[in-house]
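**Q** Questions regarding the structure given below will be posed in turn.
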Amino acid sequence: MWTEKYRPETLDNVINQSNTVETIKHFLKNPGTMPHLLFSGPPGTGKTTVALCIARNLFGGRWRDFTLELNASDERGINMVRERIKSFSRHATGLLGNVPFGLVMLDESDQMTSQAQTALRRIMETSSRTSRFILICNYASKIIEPIQSRCAIFRFSYLKPPDVKNFLQMIAENEDLSFVNEGMDAIIEFSEGDMRKAINILQSASVLKDVIDLEIILNVVGMAKPVEVREMVISALKGDFLKSRTILHDLMIKRGISGVDIIRQIHSEIFHLDLPDTLLMDLANTVAEYDFRIVEGANEDIQLSALLAQFWKMGGGLGA
Amino acid sequence: MDWERRILESSIWVDKYHPKNVSEILGNHKAKTKFLNWLKSWRPGSKAALLYGPPGLGKTTLVHVAADELAFRVLEMNASDVRIKKSITKIAEPAAIESSLNLFIYGGRGTLIFFDEVDGIFGREDRGGTGAIISLIKESQHPIVLAANDPWNPKLRTMRRYCQMIRFYGIRVREIVTLLHDICKKEKIVTTDKVLIQIAENSEGDVRSAINDLQMLSKNRVITENELEGLSIRNKQKDAFETLEQIFSAENTQMARKAITQSQIDFETLLISIHENLPNNFSDPNTLAKAYNVISKADISFGRIKRTGDWKLLSYALEQMSIGLVQLNKRSSKKQRFKFPPTKFMMLGYTKGMRSLNSSICTLIGEKLHLSRKAVYREILPFIKIIINDSDFRNRMSSRFGLDEKMISHINNM
């Protein structure tokens, strides 16, 4: 995939985020001085890329041997994390000249509960002689204070349109793509500063058409957008409760999407529907209430169905 | 033994006439022999024994009296114990592991660990309990016995592999009558054979309930055939359809509550079944929303129970559900057909392969792109679905990510 092919391999090639990059380069001159790092920011802004660049810079071609990549949302519980870090720090230390530590990259660390983070804090302390941590997250505020205070915090911001444009043009030249300006502008608009999304839209469009124009971009964006949640919400509001519950079951059971993820999507979807303000207010309040109930309850399916029933009641006047 | 003392002190006949040795247990000769042989030949590493069959056939009794005869001490855990992994490990493991010491102290073969009513307790949340028992079976220096009414419960599927299955059948009417006859003689009860046969038949092979009925009917020391009419049809557990029907047609809270508490299905399945059948019973949006609110709140109480392991709270959840639904029932009158088991359960079965395929695809891609499975699913797959239309990209991607034909066509069909 192009997102992978064109991922920068050195810090010099990382676009935007120049303050961050400068500071990190400074640390890397003398790796022993590098503290734990906390990268926060929206998706597709280069957090993982910068972390991988650091690994390459420290360990060269053998960086994989000295880097432990973990993803909090994939690991099963903090004990798994602890075990993996323990066995990693046992073998990956002091083997490479002037770098006295191994690197632990923990992605989506804001997905961890605060209890798990407290345990993580302990792990960071006990293994700090042998490991440096790079924690990656979307929201630094979801990371507990004690961890924040042990890290140098870097905030990654959305990429600016000109930066995205330059990068896409570079790819287009390399891949022999021809561009229409409106097509380019549309990618920039839809990707909202998320470089990964921008490149994915570009590659998808290149498959469907030789010239990247506005029409094909709209096409790709439409195709790639999940429509099920939207359909589920609309069916419920219009009174086809059974249909909306069937969609819910498909999402949860066939696709295996968690209830928490579904309710977040419902939340963002209702704001994209053209609804009267008073109704929107009621819906938003109800979503908030049921988001809480999902956490409190035993069964996500029951809670979400109950939410859809509320939607029907509130949206009853919407007609066809 | 305190077992016997309890029997002597008791004026409840079920206790008083409780079998004191293996031969006194009615029927099930095969099961008894099988169990005794298992216990005698048990060595560390052997399978556990799983005794199963309807209630009141002497499963628990057999374990206690057989252990007594063979000089085992019984360490029992009941369904009412909290069976989260921690407590099992805490209570049972030390006993299982220090073996020779017990031999000294109790002067017998050691300890027998007994988990009664194992099918009643493993909800989704304490699946750790099943795992804990299985690892205990593997490591134990002591024989482990499990008893269950329904061994085919899916929650016990893995456990069955580590168990020798011993089945108990209902006791024959003739044998129960003989026992009842003996009891009448000792208690100086005057009655006829016809009455005893009636009681025995009504019990459907459950000795315990037969003895209870006999005691209940013999307050005046004389039981005539007329009094048999007072013999209630025993509260045999209602099947799911009946339960749902009763809940949705209940006229008052007592009726709804009774239907729920007498039900055979566990509370969680019941909650999901009610949820499944709710839209068919409440077709007006306001009522449906209210009904769902009731179910939602009962589910919250149930969530609390599962988190804390405090099953005493269950009565609150039951009340919330029965009171709430009954108030709404009055407004809906039409007769409904019910769906059971819930479609969700069946879907979970046939979509399992699909979900695990999803997850392996996302794992493979996530490893290369440094993304979590969730992020791949949400942000990357929609684009990959488009990109693999190009045969060149498709080939490169499948070799880069290690996706096979099946996975590619799965992505295509998403």
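Simple scheme: letters A, B, ... for chains in structure tokens order, numbers from 1 for residues in each chain, numbers from 1 for ligands in the order shown.
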Counting only C-alpha atoms, what is within 10 Å of B:Arg43, bar same-chain residues fewer than 3 positions away, as a list in words?
**A** Trp38, Leu39, Lys40, Ser46, Lys47, Ser140, Gln141, His142 and Pro143 of chain B
**Q** Stretch 59-72 of chain A: which residues within 9 Å, counting only C-alpha atoms, same-chain residues fewer than 5 positions away excluded, as a PyMOL selection string?
**A** (chain A and resi 52+54+77-78+81+84-85+88+91-93+96+99+101-112) or (chain B and resi 370-372)
**Q** Okay, now the selection with N, CA, C and O atoms, as a compact mmCIF listing (two decimals), in the first residue's frame?
**A**
# COMPACT_ATOMS: atom_id res chain seq x y z
N LEU A 52 8.81 5.24 14.48
CA LEU A 52 9.58 4.27 13.70
C LEU A 52 10.91 4.89 13.22
O LEU A 52 11.94 4.22 13.18
N ILE A 54 12.60 7.09 14.84
CA ILE A 54 13.49 7.08 16.01
C ILE A 54 14.14 5.71 16.14
O ILE A 54 15.36 5.60 16.34
N GLY A 77 -5.31 -7.27 28.04
CA GLY A 77 -5.07 -6.93 29.43
C GLY A 77 -3.65 -6.52 29.74
O GLY A 77 -2.72 -6.80 29.01
N ILE A 78 -3.53 -5.85 30.86
CA ILE A 78 -2.24 -5.28 31.24
C ILE A 78 -1.22 -6.35 31.58
O ILE A 78 -0.02 -6.16 31.42
N VAL A 81 0.66 -7.25 28.57
CA VAL A 81 1.62 -6.18 28.29
C VAL A 81 2.84 -6.33 29.19
O VAL A 81 3.98 -6.28 28.74
N ARG A 84 5.07 -9.28 28.16
CA ARG A 84 5.81 -9.05 26.92
C ARG A 84 6.94 -8.05 27.12
O ARG A 84 8.03 -8.22 26.59
N ILE A 85 6.67 -7.01 27.92
CA ILE A 85 7.72 -6.02 28.17
C ILE A 85 8.85 -6.65 28.98
O ILE A 85 10.03 -6.44 28.72
N PHE A 88 10.89 -8.89 26.85
CA PHE A 88 11.61 -8.08 25.87
C PHE A 88 12.82 -7.40 26.50
O PHE A 88 13.93 -7.46 25.99
N HIS A 91 16.14 -9.35 26.94
CA HIS A 91 17.13 -9.67 25.90
C HIS A 91 17.55 -8.50 25.03
O HIS A 91 18.53 -8.60 24.31
N ALA A 92 16.81 -7.39 25.09
CA ALA A 92 17.11 -6.34 24.12
C ALA A 92 17.90 -5.17 24.69
O ALA A 92 17.64 -4.03 24.38
N THR A 93 18.82 -5.44 25.57
CA THR A 93 19.48 -4.30 26.19
C THR A 93 20.99 -4.33 26.01
O THR A 93 21.61 -5.38 25.97
N LEU A 96 23.90 -2.80 21.77
CA LEU A 96 24.29 -2.01 20.63
C LEU A 96 25.02 -0.75 21.07
O LEU A 96 24.43 0.32 21.18
N VAL A 99 23.67 2.78 22.65
CA VAL A 99 22.26 2.84 23.03
C VAL A 99 22.00 1.83 24.15
O VAL A 99 21.96 0.63 23.92
N PHE A 101 19.47 0.98 25.83
CA PHE A 101 18.11 0.54 26.12
C PHE A 101 17.42 -0.01 24.88
O PHE A 101 17.88 0.19 23.76
N GLY A 102 16.33 -0.74 25.11
CA GLY A 102 15.45 -1.14 24.02
C GLY A 102 14.28 -0.17 23.95
O GLY A 102 14.05 0.60 24.89
N LEU A 103 13.54 -0.21 22.88
CA LEU A 103 12.46 0.75 22.68
C LEU A 103 11.12 0.02 22.75
O LEU A 103 10.92 -0.99 22.09
N VAL A 104 10.21 0.53 23.59
CA VAL A 104 8.87 -0.04 23.64
C VAL A 104 7.89 0.97 23.08
O VAL A 104 7.75 2.06 23.62
N MET A 105 7.23 0.62 21.98
CA MET A 105 6.22 1.51 21.40
C MET A 105 4.85 0.99 21.78
O MET A 105 4.50 -0.12 21.43
N LEU A 106 4.10 1.80 22.49
CA LEU A 106 2.75 1.37 22.88
C LEU A 106 1.73 2.27 22.20
O LEU A 106 1.51 3.41 22.62
N ASP A 107 1.09 1.75 21.17
CA ASP A 107 0.14 2.53 20.40
C ASP A 107 -1.25 2.47 21.04
O ASP A 107 -1.56 1.53 21.77
N GLU A 108 -2.07 3.45 20.72
CA GLU A 108 -3.43 3.56 21.27
C GLU A 108 -3.44 3.40 22.79
O GLU A 108 -4.31 2.74 23.36
N SER A 109 -2.46 4.02 23.44
CA SER A 109 -2.36 3.83 24.90
C SER A 109 -3.51 4.51 25.64
O SER A 109 -3.78 4.17 26.79
N ASP A 110 -4.20 5.44 24.98
CA ASP A 110 -5.35 6.05 25.67
C ASP A 110 -6.56 5.11 25.69
O ASP A 110 -7.58 5.43 26.29
N GLN A 111 -6.45 3.95 25.04
CA GLN A 111 -7.52 2.96 25.12
C GLN A 111 -7.46 2.17 26.43
O GLN A 111 -8.35 1.39 26.73
N MET A 112 -6.37 2.34 27.17
CA MET A 112 -6.22 1.58 28.41
C MET A 112 -7.05 2.21 29.52
O MET A 112 -7.14 3.43 29.61
N HIS B 370 1.38 -1.08 11.23
CA HIS B 370 1.50 -0.56 12.59
C HIS B 370 0.17 0.00 13.09
O HIS B 370 0.10 1.10 13.61
N LEU B 371 -0.90 -0.78 12.89
CA LEU B 371 -2.21 -0.32 13.33
C LEU B 371 -2.90 -1.43 14.11
O LEU B 371 -2.60 -2.61 13.91
N SER B 372 -3.84 -1.05 14.96
CA SER B 372 -4.60 -2.07 15.69
C SER B 372 -5.63 -2.69 14.75
O SER B 372 -5.96 -2.13 13.71
**Q** Chain A residues within 7 Å of chain B, counting only C-alpha atoms: which ones, as number ranges by chain?
**A** A: 1, 4, 71, 73-74, 200, 203-204, 207, 224, 253-256, 293, 296-299, 302-303, 306, 309-310, 312-313
**Q** Which polymer residues have any atom within 9 Å of an atom of stretch 183-187 of chain A, counting only C-alpha atoms, with same-chain residues fewer than 2 positions away left out, as a JSON list (two decimals) with N, CA, C and O atoms, in the first residue's frame?
**A**
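The resulting out33.json:
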[["chain", "number", "residue", "atom", "x", "y", "z"],
["A", 161, "PRO", "N", -3.12, 21.94, 4.56],
["A", 161, "PRO", "CA", -3.42, 21.61, 3.16],
["A", 161, "PRO", "C", -2.22, 21.67, 2.22],
["A", 161, "PRO", "O", -2.04, 20.74, 1.43],
["A", 165, "LYS", "N", -0.87, 18.56, 0.01],
["A", 165, "LYS", "CA", -0.85, 18.71, -1.44],
["A", 165, "LYS", "C", 0.53, 18.34, -2.00],
["A", 165, "LYS", "O", 0.63, 17.55, -2.94],
["A", 168, "LEU", "N", 1.08, 14.58, -1.84],
["A", 168, "LEU", "CA", 0.28, 13.85, -2.83],
["A", 168, "LEU", "C", 0.84, 14.04, -4.23],
["A", 168, "LEU", "O", 0.88, 13.10, -5.03],
["A", 169, "GLN", "N", 1.32, 15.26, -4.50],
["A", 169, "GLN", "CA", 1.89, 15.51, -5.82],
["A", 169, "GLN", "C", 3.15, 14.68, -6.05],
["A", 169, "GLN", "O", 3.36, 14.14, -7.13],
["A", 179, "PHE", "N", -3.63, 14.45, -12.63],
["A", 179, "PHE", "CA", -4.48, 15.09, -11.65],
["A", 179, "PHE", "C", -5.29, 16.22, -12.24],
["A", 179, "PHE", "O", -4.81, 16.94, -13.09],
["A", 180, "VAL", "N", -6.51, 16.38, -11.79],
["A", 180, "VAL", "CA", -7.23, 17.62, -12.05],
["A", 180, "VAL", "C", -7.28, 18.35, -10.72],
["A", 180, "VAL", "O", -7.43, 17.72, -9.68],
["A", 181, "ASN", "N", -7.12, 19.68, -10.76],
["A", 181, "ASN", "CA", -7.04, 20.44, -9.50],
["A", 181, "ASN", "C", -8.20, 20.17, -8.56],
["A", 181, "ASN", "O", -8.01, 20.02, -7.35],
["A", 189, "GLU", "N", -9.81, 18.13, 1.17],
["A", 189, "GLU", "CA", -10.97, 18.48, 1.99],
["A", 189, "GLU", "C", -11.48, 17.26, 2.77],
["A", 189, "GLU", "O", -11.69, 17.33, 3.98],
["A", 190, "PHE", "N", -11.62, 16.13, 2.05],
["A", 190, "PHE", "CA", -12.20, 14.96, 2.72],
["A", 190, "PHE", "C", -11.26, 14.32, 3.74],
["A", 190, "PHE", "O", -11.70, 13.69, 4.69],
["A", 191, "SER", "N", -9.95, 14.47, 3.50],
["A", 191, "SER", "CA", -9.03, 13.80, 4.43],
["A", 191, "SER", "C", -8.84, 14.58, 5.72],
["A", 191, "SER", "O", -8.33, 14.05, 6.70],
["A", 192, "GLU", "N", -9.26, 15.82, 5.76],
["A", 192, "GLU", "CA", -9.25, 16.61, 6.99],
["A", 192, "GLU", "C", -7.92, 16.55, 7.73],
["A", 192, "GLU", "O", -7.88, 16.33, 8.93],
["A", 197, "LYS", "N", -5.42, 8.88, 5.42],
["A", 197, "LYS", "CA", -6.69, 8.86, 4.68],
["A", 197, "LYS", "C", -6.49, 9.45, 3.29],
["A", 197, "LYS", "O", -6.98, 8.91, 2.30],
["A", 198, "ALA", "N", -5.73, 10.54, 3.21],
["A", 198, "ALA", "CA", -5.51, 11.20, 1.92],
["A", 198, "ALA", "C", -4.86, 10.23, 0.94],
["A", 198, "ALA", "O", -5.29, 10.11, -0.22],
["A", 199, "ILE", "N", -3.83, 9.53, 1.41],
["A", 199, "ILE", "CA", -3.12, 8.61, 0.51],
["A", 199, "ILE", "C", -4.02, 7.44, 0.13],
["A", 199, "ILE", "O", -4.04, 7.00, -1.02],
["A", 201, "ILE", "N", -7.27, 7.47, -0.12],
["A", 201, "ILE", "CA", -8.24, 7.94, -1.12],
["A", 201, "ILE", "C", -7.57, 8.00, -2.49],
["A", 201, "ILE", "O", -8.12, 7.54, -3.49],
["A", 202, "LEU", "N", -6.35, 8.54, -2.50],
["A", 202, "LEU", "CA", -5.62, 8.67, -3.77],
["A", 202, "LEU", "C", -5.41, 7.31, -4.43],
["A", 202, "LEU", "O", -5.69, 7.12, -5.61],
["A", 211, "VAL", "N", -7.44, 9.44, -14.65],
["A", 211, "VAL", "CA", -7.29, 10.85, -14.26],
["A", 211, "VAL", "C", -8.05, 11.06, -12.95],
["A", 211, "VAL", "O", -9.23, 10.70, -12.84],
["A", 212, "ILE", "N", -7.34, 11.63, -11.97],
["A", 212, "ILE", "CA", -7.99, 11.85, -10.68],
["A", 212, "ILE", "C", -8.78, 13.15, -10.74],
["A", 212, "ILE", "O", -8.20, 14.24, -10.71],
["A", 213, "ASP", "N", -10.10, 13.05, -10.81],
["A", 213, "ASP", "CA", -10.91, 14.28, -10.82],
["A", 213, "ASP", "C", -11.91, 14.27, -9.67],
["A", 213, "ASP", "O", -11.97, 13.32, -8.88],
["A", 214, "LEU", "N", -12.69, 15.33, -9.60],
["A", 214, "LEU", "CA", -13.63, 15.48, -8.48],
["A", 214, "LEU", "C", -14.61, 14.31, -8.40],
["A", 214, "LEU", "O", -14.87, 13.77, -7.33],
["A", 215, "GLU", "N", -15.11, 13.92, -9.57],
["A", 215, "GLU", "CA", -16.14, 12.89, -9.60],
["A", 215, "GLU", "C", -15.65, 11.59, -8.95],
["A", 215, "GLU", "O", -16.32, 10.98, -8.11],
["A", 216, "ILE", "N", -14.42, 11.18, -9.34],
["A", 216, "ILE", "CA", -13.93, 9.90, -8.84],
["A", 216, "ILE", "C", -13.63, 9.97, -7.34],
["A", 216, "ILE", "O", -13.84, 9.01, -6.60],
["A", 217, "ILE", "N", -13.20, 11.15, -6.88],
["A", 217, "ILE", "CA", -12.94, 11.29, -5.44],
["A", 217, "ILE", "C", -14.25, 11.17, -4.65],
["A", 217, "ILE", "O", -14.33, 10.45, -3.65],
["A", 218, "LEU", "N", -15.29, 11.84, -5.14],
["A", 218, "LEU", "CA", -16.59, 11.73, -4.47],
["A", 218, "LEU", "C", -17.04, 10.28, -4.44],
["A", 218, "LEU", "O", -17.57, 9.79, -3.44],
["A", 221, "VAL", "N", -14.94, 8.32, -1.82],
["A", 221, "VAL", "CA", -15.33, 8.67, -0.46],
["A", 221, "VAL", "C", -16.69, 8.06, -0.11],
["A", 221, "VAL", "O", -16.89, 7.53, 0.98]]
**Q** So that I can check the surroundings of A:Ala51, please list as a list in words every protein, DNA and RNA residue that reaches within 10 Å of it, counting only C-alpha atoms and ignoring chain neighbours fewer than 5 positions away.
**A**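 Neighbouring residues, sequence-local ones excluded: Leu11, Ile24, Leu37, Phe39, Gly46, Arg56, Asn57, Leu103, Val104, Met105, Ile134, Leu135 and Ile136 of chain A.
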**Q** When distances are computed from only C-alpha atoms, which of A:Cys137, A:Leu308, A:Leu177, A:Val220 shows the smallest separation from A:Ser40?
**A**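 Counting only C-alpha atoms, the residue closest to A:Ser40 is A:Cys137.
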**Q** So which one's closest to B:Val173, B:Leu26, B:Leu228, B:Leu75, B:Ile189? Using only C-alpha atoms, please.
**A**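 Of all the options, B:Leu26 lies closest to B:Val173.
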**Q** As a PyMOL selection string, please: every residue in stretch 187-294 of chain B that DSSP puts in strand (DSSP E or B).
**A** chain B and resi 190+222+238+263
**Q** Using the selection just defined, write its residues with all heavy atoms as a PDB file, in the first residue's frame.
**A**
ATOM      1  N   VAL B 190     -50.825 -44.028  57.993  1.00  0.00           N
ATOM      2  CA  VAL B 190     -51.787 -44.960  57.399  1.00  0.00           C
ATOM      3  C   VAL B 190     -52.179 -44.467  56.010  1.00  0.00           C
ATOM      4  O   VAL B 190     -52.641 -43.341  55.854  1.00  0.00           O
ATOM      5  CB  VAL B 190     -53.056 -45.065  58.272  1.00  0.00           C
ATOM      6  CG1 VAL B 190     -54.013 -46.103  57.681  1.00  0.00           C
ATOM      7  CG2 VAL B 190     -52.677 -45.406  59.698  1.00  0.00           C
ATOM      8  N   VAL B 222     -52.782 -39.766  58.452  1.00  0.00           N
ATOM      9  CA  VAL B 222     -53.589 -40.579  57.538  1.00  0.00           C
ATOM     10  C   VAL B 222     -53.647 -39.868  56.195  1.00  0.00           C
ATOM     11  O   VAL B 222     -53.899 -38.671  56.146  1.00  0.00           O
ATOM     12  CB  VAL B 222     -55.037 -40.763  58.067  1.00  0.00           C
ATOM     13  CG1 VAL B 222     -55.848 -41.608  57.098  1.00  0.00           C
ATOM     14  CG2 VAL B 222     -55.025 -41.374  59.457  1.00  0.00           C
ATOM     15  N   LYS B 238     -40.589 -24.545  33.888  1.00  0.00           N
ATOM     16  CA  LYS B 238     -41.312 -24.203  32.670  1.00  0.00           C
ATOM     17  C   LYS B 238     -40.333 -24.080  31.507  1.00  0.00           C
ATOM     18  O   LYS B 238     -39.215 -23.632  31.672  1.00  0.00           O
ATOM     19  CB  LYS B 238     -41.995 -22.852  32.858  1.00  0.00           C
ATOM     20  CG  LYS B 238     -42.935 -22.816  34.024  1.00  0.00           C
ATOM     21  CD  LYS B 238     -44.279 -23.401  33.667  1.00  0.00           C
ATOM     22  CE  LYS B 238     -45.241 -23.278  34.813  1.00  0.00           C
ATOM     23  NZ  LYS B 238     -45.135 -24.377  35.770  1.00  0.00           N
ATOM     24  N   SER B 263     -38.657 -20.374  35.977  1.00  0.00           N
ATOM     25  CA  SER B 263     -38.154 -20.704  34.649  1.00  0.00           C
ATOM     26  C   SER B 263     -36.848 -21.473  34.717  1.00  0.00           C
ATOM     27  O   SER B 263     -36.031 -21.311  35.605  1.00  0.00           O
ATOM     28  CB  SER B 263     -37.949 -19.418  33.872  1.00  0.00           C
ATOM     29  OG  SER B 263     -37.222 -19.702  32.718  1.00  0.00           O
TER      30      SER B 263
END
**Q** Pick out each residue of stretch 280-392 of chain B that DSSP on the backbone tags as helix (DSSP H, G or I); I need them as a ChimeraX atom specification.
**A** /B:280-281,285-308,311-329,343-350,352-369,373-387,391-392
**Q** Give me, please, the distance in Å between atom CA of A:Lys86 and atom CA of A:Ile123, quoted to one decimal.
**A**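 Between atom CA of A:Lys86 and atom CA of A:Ile123 the gap is 8.5 Å.
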**Q** For A:Asp282, please output as a ChimeraX atom specification all residues within 10 Å (counting only C-alpha atoms; exclusion window: fewer than 3 positions along the same chain).
**A** /A:277-279,285-288,310-311,314-315
**Q** What's the 12 Å shell around A:Asn174, counting only C-alpha atoms, without same-chain residues fewer than 4 positions away, as a list in words?
**A** Trp2, Lys5, Tyr6, Phe167, Leu168, Gln169, Met170 and Ser178 of chain A
**Q** Determine the nearest neighbour of A:Ser305 from the options A:Tyr290, A:Phe271, A:Tyr158, A:Phe133, counting only C-alpha atoms.
**A**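 Ranking A:Tyr290, A:Phe271, A:Tyr158, A:Phe133 by distance to A:Ser305, first place goes to A:Tyr290.
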**Q** For A:Thr33, find every residue with an atom within 12 Å (counting only C-alpha atoms), except residues of its own chain fewer than 3 positions away, and show them as number ranges by chain.
**A** A: 23-30, 36-37, 98-101, 132, 152
**Q** Output the selection as a tab-separated table (two decimals), in the first residue's frame - C-alpha atoms for each residue.
**A**
chain	number	residue	atom	x	y	z
A	23	THR	CA	13.61	18.38	19.67
A	24	ILE	CA	13.74	14.66	18.98
A	25	LYS	CA	16.80	15.06	16.75
A	26	HIS	CA	18.44	16.81	19.66
A	27	PHE	CA	17.72	13.85	21.97
A	28	LEU	CA	19.07	11.44	19.40
A	29	LYS	CA	22.48	13.09	19.31
A	30	ASN	CA	22.99	11.55	22.71
A	36	HIS	CA	10.13	8.46	27.72
A	37	LEU	CA	8.04	10.07	25.00
A	98	ASN	CA	25.95	3.65	22.70
A	99	VAL	CA	22.26	2.84	23.03
A	100	PRO	CA	21.77	1.41	26.50
A	101	PHE	CA	18.11	0.54	26.12
A	132	ARG	CA	12.50	3.61	26.79
A	152	ALA	CA	8.25	14.36	27.26
**Q** As an exercise, work out the distance from atom CA of B:Asn226 to atom CA of B:Ala200 in Å and give it to one decimal place.
**A** 16.4 Å
**Q** Could you tell me which of A:Val260, A:Cys151, A:Thr48, A:Ser87 comes closest to A:Glu125 if we count only C-alpha atoms?
**A**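 Of A:Val260, A:Cys151, A:Thr48, A:Ser87, the one nearest A:Glu125 is A:Cys151, counting only C-alpha atoms.
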**Q** Please, what distance in Å, to one decimal, runs between atom CA of B:Ala49 and atom CA of B:Arg172?
**A**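 So the answer is 24.2 Å.
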**Q** B:Lys188, B:Lys312, B:Arg167, B:Lys194: which is nearest B:Lys30, counting only C-alpha atoms?
**A**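 For B:Lys30, the nearest of the candidates is B:Arg167.
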